[in-house]
Structure formats: structure tokens, C-alpha cells
Amino acid sequence: MSRVRMAMVGCGAIAELGHLPGARLANKVEFTVLIDRDEARARALAARFGIAHVATDIAAASDHADAACVALPHHIHRQATELLLERGLHILIEKPLATTLADCDAMLATAARVGRKVGVAMVRRYAPSSRYLKQLVDSGMLGRIERIHIVSGVGDAWAGQSLYMLSARESGGGVLMCNGCHDLDALTWLLGSVDALQCQIDSAFGLEGNCRIDCTMASGATGLIELSRTVTMNNMIRIEGTNGTVVAPLIGAGLSVGPRGGPLSLTGDVDGATFDFPQLMADQLDDFAGAIQDDRAPLADGAAGRDIVALIERCYAGATPMSFPWARPIAMPVAA
């Protein structure tokens, strides 16, 4: 079977460090055109990765490809995706699907009307540790799941090529929207729907750097997600069941399982560094191409991306300020 021809729409950091190296390892995909408003950057990447065509107009994707990977600032996801869908392309879009639930619904309605696939780049689902967790939970080996704890934070380590992440309008939010969508996806992928939640953030201006979400799942399990883009954290996930406990890296190649009440902690039971990021991206690209070829849903489809944006909207709508030890009134002496 021939490879799916894909356009890379947006040539920022995730394209350079993820999708384009991943395509070299993929079996079902080849990038045939790079599209970016910075033509010089697109040409440099095309020369580096051996891609024949370069364009600055998104509409040119349909001249060279059957599908597109969209990696643009979040606030133009809907505009770009609907244009490409109308031109007959299947779309793999970098998370989040969009910045609002209304935009998500409009994008999915267009996809359904034109009969094209939409996938969301939830790359953590492809990590070996994530697949092991999914198998453990679904198999029932851990018993009834009682609690999940996700710790996720990287202190501005991503080498971005634009400043849109510093704009609440363009990014849609801070750490919750830009990074937390991965963690909310892990939560719901593993344990199902969320019943009730409480969210705390450290900013009232739409660009929170830290966030805490306490939730109760529809299954009755409780959850805690701690997010930061100012502090590098342990980046681990712990799931406690009536039969045992498992701890794993958010992206890694192993996990640690112990009996109920065992000493496992989020302080490094598992080496989370042993993973191959380009290979994860290759697996994601191959899954999306396979979904097109086999007429099935990708592992993370548009509906999953839509549900995460709905959860994020719930979080922001009810968010309260985080409390800090230093945020307390100071008693000033009164002059005599």
C-alpha cells in the first residue's frame, strides 16, 4: 500500500523536532510539502529533510498532499482546518483541537460533512508506559481504581519558534490549555469521564503558569492533576486500585507495579527518560495514516480532542486563585 502524502502546515519547533524526524521513521507517511509564512525557514527545513515542495499559502497543501498535519497557533486551528477539510484533506492537528468548544464542534461538523478524518496529536498515548498503563487498567489487574495522581511540569524547556504562547488570545490560556490537555487526556483515556472538578490557577489574566485540578470521576475514583510551566516536576502518574498501585512516567518505556499500600511514590520509581521521541511521532503518524487507509478512527480522534477542550472550559469557568504561603495580609505598624 502506498504511503499517505502529508503537508506540514506550520514549521515551528514541533515540526522540526517531532513530525519531520518522525516521518523518516514512519512506514505509512511521507511529507511532500512544507507550508509556513516564513518561506526561508520552510525552505531550510525542506532541504534538511528532503522534501520537494514549499509554499506560504495553506491552500497549496491540496496540490501536493492527501492529508495535512496542522501545527499553527491555537487560535487559527479552526480557520486552517476548515479550509483544508473543504479542499479534501484529512487533518492531524496539534493539541489542543481549538481554543473553544464552539470551534471544536464547528470543525468536527465540517469534517463529518465532507467525510474526512480528524485526529489530535496526543502523542503521549503512544509511549510504551502509557500503553502499559492502559492495559493494566482495562484488564482489571489493579482492581477497582480509587485514585489517580498526575504531576506534570517543565520549566519552559520547549524551544518555540514564535511568541503566540505568550498571548492569551492566541494560545487560549496558560499551562492548562497548552500543556494540561495532555494530562486531562490521560485522565479520561484511562479512567473515563469526569463527574465533578475544582480548578485552581495562579493568574487572573489567562496565562496561568501553575494549575491544580481536583476531580471525581464518574466511576467514583478521585483524581489530582498538578501542572506547571514554571517548575520542572517529576512528570509521573500514579494509579491506586483495590488490588495494587502503579507508577509510570508521563512519557517513558517502563512502569513500576506494587501491592496495595506499597511504598511506590512519584519521586522517581521509574526512569522516564528512556524513550525515543521521533519514534513516538512516527507511531502517531502511522496510526493516523492507517486510520485513513483502513477507514477507522485514529487513536486520538477529533471527538477526544473536543472532550478535552470541553473539560478545559469547565476548569476555566470555575477556576479560583491558588493560595500561596506568601499571599497573606501584612500587619503594618501604626505611626504614633
# chains A, B, ... in the order shown; residues from 1 in each chain; ligands from 1

call {"tool": "closest_atom_pairs", "arguments": {"of": "stretch 170-263 of chain A", "to": "stretch 60-73 of chain A", "cutoff": "10 Å", "atoms": "only C-alpha atoms", "output": "JSON lines"}}
result
{"residue": "A:Glu170", "atom": "CA", "partner": "A:Pro73", "partner_atom": "CA", "distance": 6.3}
{"residue": "A:Ser171", "atom": "CA", "partner": "A:Pro73", "partner_atom": "CA", "distance": 6.5}
{"residue": "A:Gly172", "atom": "CA", "partner": "A:Pro73", "partner_atom": "CA", "distance": 9.4}

call {"tool": "residues_around", "arguments": {"residues": "stretch 131-144 of chain A", "least_positions_apart": "3", "cutoff": "6 Å", "atoms": "only C-alpha atoms", "output": "ChimeraX atom specification"}}
result
/A:128,190,241-244

call {"tool": "atom_distance", "arguments": {"atom1": "atom CA of A:Glu39", "atom2": "atom CA of A:Ala52"}}
result
13.7 Å

call {"tool": "residues_around", "arguments": {"residues": "A:Cys104", "least_positions_apart": "2", "cutoff": "9 Å", "atoms": "only C-alpha atoms", "output": "MDAnalysis selection string"}}
result
chainID A and resid 78 97:102 106:109 302:303 305:306 309

call {"tool": "select_by_dssp", "arguments": {"residues": "stretch 1-177 of chain A", "states": "strand (DSSP E)", "output": "VMD selection string"}}
result
chain A and resid 4 to 9 29 to 35 53 to 55 67 to 70 90 to 94 118 to 121 145 to 153

call {"tool": "select_by_dssp", "arguments": {"residues": "stretch 234-308 of chain A", "states": "alpha helix (DSSP H)", "output": "list in words"}}
result
Phe277, Pro278, Gln279, Leu280, Met281, Ala282, Asp283, Gln284, Leu285, Asp286, Asp287, Phe288, Ala289, Gly290, Ala291, Ile292, Gln293, Asp294, Gly302, Ala303, Ala304, Gly305, Arg306, Asp307 and Ile308 of chain A

call {"tool": "residues_around", "arguments": {"residues": "A:Arg116", "least_positions_apart": "5", "cutoff": "7 Å", "atoms": "only C-alpha atoms", "output": "list in words"}}
result
Leu85, Leu89, His90 and Ala111 of chain A

call {"tool": "write_last_selection", "arguments": {"atoms": "N, CA and C atoms", "output": "mmCIF file, in the first residue's frame"}}
result
data_model
loop_
_atom_site.group_PDB
_atom_site.id
_atom_site.type_symbol
_atom_site.label_atom_id
_atom_site.label_comp_id
_atom_site.auth_asym_id
_atom_site.auth_seq_id
_atom_site.Cartn_x
_atom_site.Cartn_y
_atom_site.Cartn_z
ATOM 1 N N LEU A 85 -10.050 20.966 5.146
ATOM 2 C CA LEU A 85 -11.104 19.959 5.012
ATOM 3 C C LEU A 85 -11.931 20.198 3.759
ATOM 4 N N LEU A 89 -8.741 17.354 2.338
ATOM 5 C CA LEU A 89 -7.650 16.743 3.083
ATOM 6 C C LEU A 89 -8.129 16.210 4.439
ATOM 7 N N HIS A 90 -7.542 15.099 4.871
ATOM 8 C CA HIS A 90 -7.675 14.619 6.241
ATOM 9 C C HIS A 90 -6.719 15.432 7.106
ATOM 10 N N ALA A 111 -15.858 18.288 9.142
ATOM 11 C CA ALA A 111 -15.231 17.006 8.822
ATOM 12 C C ALA A 111 -16.272 15.945 8.505
#

call {"tool": "residues_around", "arguments": {"residues": "A:Ala121", "least_positions_apart": "3", "cutoff": "10 Å", "atoms": "only C-alpha atoms", "output": "VMD selection string"}}
result
chain A and resid 69 to 71 92 to 97 124 to 125 182 281 284 to 285 288 298 to 302 305

call {"tool": "residues_around", "arguments": {"residues": "A:Ala23", "least_positions_apart": "3", "cutoff": "12 Å", "atoms": "only C-alpha atoms", "output": "PDB file with N, CA, C and O atoms, in the first residue's frame"}}
result
ATOM      1  N   ARG A   3       2.232   5.104   0.548  1.00  0.00           N
ATOM      2  CA  ARG A   3       2.231   5.979   1.713  1.00  0.00           C
ATOM      3  C   ARG A   3       1.248   7.128   1.527  1.00  0.00           C
ATOM      4  O   ARG A   3       0.983   7.574   0.409  1.00  0.00           O
ATOM      5  N   VAL A   4       0.724   7.623   2.659  1.00  0.00           N
ATOM      6  CA  VAL A   4      -0.145   8.793   2.642  1.00  0.00           C
ATOM      7  C   VAL A   4       0.726  10.036   2.501  1.00  0.00           C
ATOM      8  O   VAL A   4       1.679  10.236   3.266  1.00  0.00           O
ATOM      9  N   ARG A   5       0.412  10.860   1.508  1.00  0.00           N
ATOM     10  CA  ARG A   5       1.155  12.100   1.305  1.00  0.00           C
ATOM     11  C   ARG A   5       0.598  13.171   2.241  1.00  0.00           C
ATOM     12  O   ARG A   5      -0.597  13.435   2.251  1.00  0.00           O
ATOM     13  N   MET A   6       1.494  13.785   3.037  1.00  0.00           N
ATOM     14  CA  MET A   6       1.053  14.770   4.015  1.00  0.00           C
ATOM     15  C   MET A   6       1.733  16.112   3.811  1.00  0.00           C
ATOM     16  O   MET A   6       2.910  16.178   3.419  1.00  0.00           O
ATOM     17  N   ALA A   7       0.984  17.165   4.096  1.00  0.00           N
ATOM     18  CA  ALA A   7       1.524  18.518   4.133  1.00  0.00           C
ATOM     19  C   ALA A   7       1.803  18.873   5.589  1.00  0.00           C
ATOM     20  O   ALA A   7       0.995  18.562   6.469  1.00  0.00           O
ATOM     21  N   MET A   8       2.927  19.513   5.845  1.00  0.00           N
ATOM     22  CA  MET A   8       3.225  20.051   7.173  1.00  0.00           C
ATOM     23  C   MET A   8       2.856  21.524   7.156  1.00  0.00           C
ATOM     24  O   MET A   8       3.495  22.334   6.488  1.00  0.00           O
ATOM     25  N   ALA A  15       7.311  20.760  14.502  1.00  0.00           N
ATOM     26  CA  ALA A  15       7.575  20.199  13.169  1.00  0.00           C
ATOM     27  C   ALA A  15       9.041  19.793  13.049  1.00  0.00           C
ATOM     28  O   ALA A  15       9.357  18.674  12.620  1.00  0.00           O
ATOM     29  N   GLU A  16       9.937  20.689  13.441  1.00  0.00           N
ATOM     30  CA  GLU A  16      11.372  20.431  13.292  1.00  0.00           C
ATOM     31  C   GLU A  16      11.858  19.304  14.187  1.00  0.00           C
ATOM     32  O   GLU A  16      12.664  18.468  13.767  1.00  0.00           O
ATOM     33  N   LEU A  17      11.377  19.260  15.429  1.00  0.00           N
ATOM     34  CA  LEU A  17      11.890  18.299  16.404  1.00  0.00           C
ATOM     35  C   LEU A  17      11.064  17.029  16.509  1.00  0.00           C
ATOM     36  O   LEU A  17      11.537  16.028  17.054  1.00  0.00           O
ATOM     37  N   GLY A  18       9.835  17.079  15.983  1.00  0.00           N
ATOM     38  CA  GLY A  18       8.939  15.947  16.139  1.00  0.00           C
ATOM     39  C   GLY A  18       8.432  15.336  14.853  1.00  0.00           C
ATOM     40  O   GLY A  18       8.837  14.237  14.471  1.00  0.00           O
ATOM     41  N   HIS A  19       7.562  16.030  14.147  1.00  0.00           N
ATOM     42  CA  HIS A  19       6.886  15.437  12.996  1.00  0.00           C
ATOM     43  C   HIS A  19       7.830  15.087  11.845  1.00  0.00           C
ATOM     44  O   HIS A  19       7.719  14.004  11.259  1.00  0.00           O
ATOM     45  N   LEU A  20       8.738  15.995  11.520  1.00  0.00           N
ATOM     46  CA  LEU A  20       9.604  15.733  10.369  1.00  0.00           C
ATOM     47  C   LEU A  20      10.621  14.621  10.652  1.00  0.00           C
ATOM     48  O   LEU A  20      10.780  13.718   9.812  1.00  0.00           O
ATOM     49  N   ALA A  26       8.644   6.622   9.930  1.00  0.00           N
ATOM     50  CA  ALA A  26       7.292   6.094   9.713  1.00  0.00           C
ATOM     51  C   ALA A  26       7.255   5.198   8.476  1.00  0.00           C
ATOM     52  O   ALA A  26       8.045   5.358   7.541  1.00  0.00           O
ATOM     53  N   ASN A  27       6.313   4.285   8.469  1.00  0.00           N
ATOM     54  CA  ASN A  27       6.143   3.344   7.362  1.00  0.00           C
ATOM     55  C   ASN A  27       5.026   3.729   6.402  1.00  0.00           C
ATOM     56  O   ASN A  27       5.010   3.275   5.258  1.00  0.00           O
ATOM     57  N   LYS A  28       4.089   4.562   6.865  1.00  0.00           N
ATOM     58  CA  LYS A  28       2.881   4.805   6.086  1.00  0.00           C
ATOM     59  C   LYS A  28       2.730   6.252   5.626  1.00  0.00           C
ATOM     60  O   LYS A  28       1.743   6.584   4.969  1.00  0.00           O
ATOM     61  N   VAL A  29       3.681   7.115   5.969  1.00  0.00           N
ATOM     62  CA  VAL A  29       3.538   8.554   5.737  1.00  0.00           C
ATOM     63  C   VAL A  29       4.788   9.104   5.066  1.00  0.00           C
ATOM     64  O   VAL A  29       5.907   8.664   5.353  1.00  0.00           O
ATOM     65  N   GLU A  30       4.592  10.098   4.208  1.00  0.00           N
ATOM     66  CA  GLU A  30       5.700  10.919   3.732  1.00  0.00           C
ATOM     67  C   GLU A  30       5.222  12.357   3.620  1.00  0.00           C
ATOM     68  O   GLU A  30       4.105  12.622   3.158  1.00  0.00           O
ATOM     69  N   PHE A  31       6.038  13.301   4.088  1.00  0.00           N
ATOM     70  CA  PHE A  31       5.714  14.714   3.919  1.00  0.00           C
ATOM     71  C   PHE A  31       6.164  15.145   2.530  1.00  0.00           C
ATOM     72  O   PHE A  31       7.310  14.909   2.120  1.00  0.00           O
ATOM     73  N   THR A  32       5.243  15.755   1.809  1.00  0.00           N
ATOM     74  CA  THR A  32       5.504  16.143   0.429  1.00  0.00           C
ATOM     75  C   THR A  32       5.545  17.648   0.223  1.00  0.00           C
ATOM     76  O   THR A  32       5.980  18.112  -0.831  1.00  0.00           O
ATOM     77  N   PHE A  49      15.318  17.921   5.325  1.00  0.00           N
ATOM     78  CA  PHE A  49      14.570  16.666   5.426  1.00  0.00           C
ATOM     79  C   PHE A  49      14.205  16.074   4.064  1.00  0.00           C
ATOM     80  O   PHE A  49      13.476  15.087   3.981  1.00  0.00           O
ATOM     81  N   GLY A  50      14.699  16.672   2.988  1.00  0.00           N
ATOM     82  CA  GLY A  50      14.494  16.110   1.663  1.00  0.00           C
ATOM     83  C   GLY A  50      13.055  16.173   1.181  1.00  0.00           C
ATOM     84  O   GLY A  50      12.537  15.203   0.618  1.00  0.00           O
ATOM     85  N   ILE A  51      12.403  17.315   1.372  1.00  0.00           N
ATOM     86  CA  ILE A  51      11.002  17.490   0.976  1.00  0.00           C
ATOM     87  C   ILE A  51      10.952  18.393  -0.253  1.00  0.00           C
ATOM     88  O   ILE A  51      11.571  19.470  -0.284  1.00  0.00           O
ATOM     89  N   CYS A  69      -0.835  17.866   8.440  1.00  0.00           N
ATOM     90  CA  CYS A  69      -0.561  17.985   9.866  1.00  0.00           C
ATOM     91  C   CYS A  69      -0.521  19.469  10.178  1.00  0.00           C
ATOM     92  O   CYS A  69       0.337  20.194   9.649  1.00  0.00           O
ATOM     93  N   PHE A 277      11.660  10.074  21.179  1.00  0.00           N
ATOM     94  CA  PHE A 277      10.593  10.986  20.779  1.00  0.00           C
ATOM     95  C   PHE A 277      10.271  10.897  19.287  1.00  0.00           C
ATOM     96  O   PHE A 277       9.093  10.812  18.918  1.00  0.00           O
ATOM     97  N   PRO A 278      11.268  10.908  18.385  1.00  0.00           N
ATOM     98  CA  PRO A 278      10.918  10.759  16.963  1.00  0.00           C
ATOM     99  C   PRO A 278      10.151   9.472  16.675  1.00  0.00           C
ATOM    100  O   PRO A 278       9.250   9.464  15.830  1.00  0.00           O
ATOM    101  N   GLN A 279      10.474   8.381  17.379  1.00  0.00           N
ATOM    102  CA  GLN A 279       9.737   7.144  17.143  1.00  0.00           C
ATOM    103  C   GLN A 279       8.294   7.257  17.613  1.00  0.00           C
ATOM    104  O   GLN A 279       7.381   6.720  16.973  1.00  0.00           O
ATOM    105  N   LEU A 280       8.058   7.958  18.736  1.00  0.00           N
ATOM    106  CA  LEU A 280       6.680   8.191  19.170  1.00  0.00           C
ATOM    107  C   LEU A 280       5.909   8.976  18.110  1.00  0.00           C
ATOM    108  O   LEU A 280       4.746   8.675  17.812  1.00  0.00           O
ATOM    109  N   MET A 281       6.565   9.986  17.534  1.00  0.00           N
ATOM    110  CA  MET A 281       5.918  10.776  16.491  1.00  0.00           C
ATOM    111  C   MET A 281       5.664   9.921  15.254  1.00  0.00           C
ATOM    112  O   MET A 281       4.622  10.061  14.597  1.00  0.00           O
ATOM    113  N   ALA A 282       6.588   9.016  14.940  1.00  0.00           N
ATOM    114  CA  ALA A 282       6.392   8.109  13.810  1.00  0.00           C
ATOM    115  C   ALA A 282       5.195   7.206  14.059  1.00  0.00           C
ATOM    116  O   ALA A 282       4.373   6.973  13.152  1.00  0.00           O
ATOM    117  N   ASP A 283       5.075   6.686  15.274  1.00  0.00           N
ATOM    118  CA  ASP A 283       3.937   5.821  15.605  1.00  0.00           C
ATOM    119  C   ASP A 283       2.618   6.574  15.473  1.00  0.00           C
ATOM    120  O   ASP A 283       1.616   6.030  14.992  1.00  0.00           O
ATOM    121  N   GLN A 284       2.633   7.844  15.902  1.00  0.00           N
ATOM    122  CA  GLN A 284       1.428   8.664  15.792  1.00  0.00           C
ATOM    123  C   GLN A 284       1.072   8.914  14.331  1.00  0.00           C
ATOM    124  O   GLN A 284      -0.110   8.794  13.933  1.00  0.00           O
ATOM    125  N   LEU A 285       2.061   9.252  13.515  1.00  0.00           N
ATOM    126  CA  LEU A 285       1.823   9.483  12.094  1.00  0.00           C
ATOM    127  C   LEU A 285       1.318   8.212  11.408  1.00  0.00           C
ATOM    128  O   LEU A 285       0.381   8.259  10.595  1.00  0.00           O
ATOM    129  N   ASP A 286       1.916   7.074  11.730  1.00  0.00           N
ATOM    130  CA  ASP A 286       1.486   5.811  11.117  1.00  0.00           C
ATOM    131  C   ASP A 286       0.066   5.440  11.546  1.00  0.00           C
ATOM    132  O   ASP A 286      -0.702   4.899  10.744  1.00  0.00           O
ATOM    133  N   ASP A 287      -0.280   5.712  12.795  1.00  0.00           N
ATOM    134  CA  ASP A 287      -1.642   5.434  13.240  1.00  0.00           C
ATOM    135  C   ASP A 287      -2.641   6.289  12.470  1.00  0.00           C
ATOM    136  O   ASP A 287      -3.693   5.793  12.034  1.00  0.00           O
ATOM    137  N   PHE A 288      -2.304   7.570  12.278  1.00  0.00           N
ATOM    138  CA  PHE A 288      -3.229   8.441  11.551  1.00  0.00           C
ATOM    139  C   PHE A 288      -3.338   8.017  10.091  1.00  0.00           C
ATOM    140  O   PHE A 288      -4.445   7.959   9.530  1.00  0.00           O
ATOM    141  N   ALA A 289      -2.210   7.699   9.474  1.00  0.00           N
ATOM    142  CA  ALA A 289      -2.253   7.230   8.089  1.00  0.00           C
ATOM    143  C   ALA A 289      -3.043   5.932   7.987  1.00  0.00           C
ATOM    144  O   ALA A 289      -3.825   5.729   7.046  1.00  0.00           O
TER     145      ALA A 289
END

call {"tool": "residues_around", "arguments": {"residues": "A:Ala168", "least_positions_apart": "5", "cutoff": "9 Å", "atoms": "only C-alpha atoms", "output": "list in words"}}
result
Gly173, Gly174, Phe205, Gly206 and Leu207 of chain A

call {"tool": "atom_distance", "arguments": {"atom1": "atom CA of A:Asp103", "atom2": "atom CA of A:Val33"}}
result
26.4 Å

call {"tool": "closest_residue", "arguments": {"among": "A:Val246, A:Ile150, A:Cys181, A:Ile35", "to": "A:Glu226", "atoms": "only C-alpha atoms"}}
result
A:Ile150

call {"tool": "closest_residue", "arguments": {"among": "A:Phe275, A:Phe324, A:Trp189, A:Tyr126", "to": "A:Asn210", "atoms": "only C-alpha atoms"}}
result
A:Phe324

call {"tool": "closest_residue", "arguments": {"among": "A:Glu146, A:Glu82, A:Glu208, A:Asp276", "to": "A:Val118", "atoms": "only C-alpha atoms"}}
result
A:Glu82

call {"tool": "closest_residue", "arguments": {"among": "A:Ser219, A:Ile145, A:Ser228, A:Leu166", "to": "A:Asn179", "atoms": "only C-alpha atoms"}}
result
A:Ser228
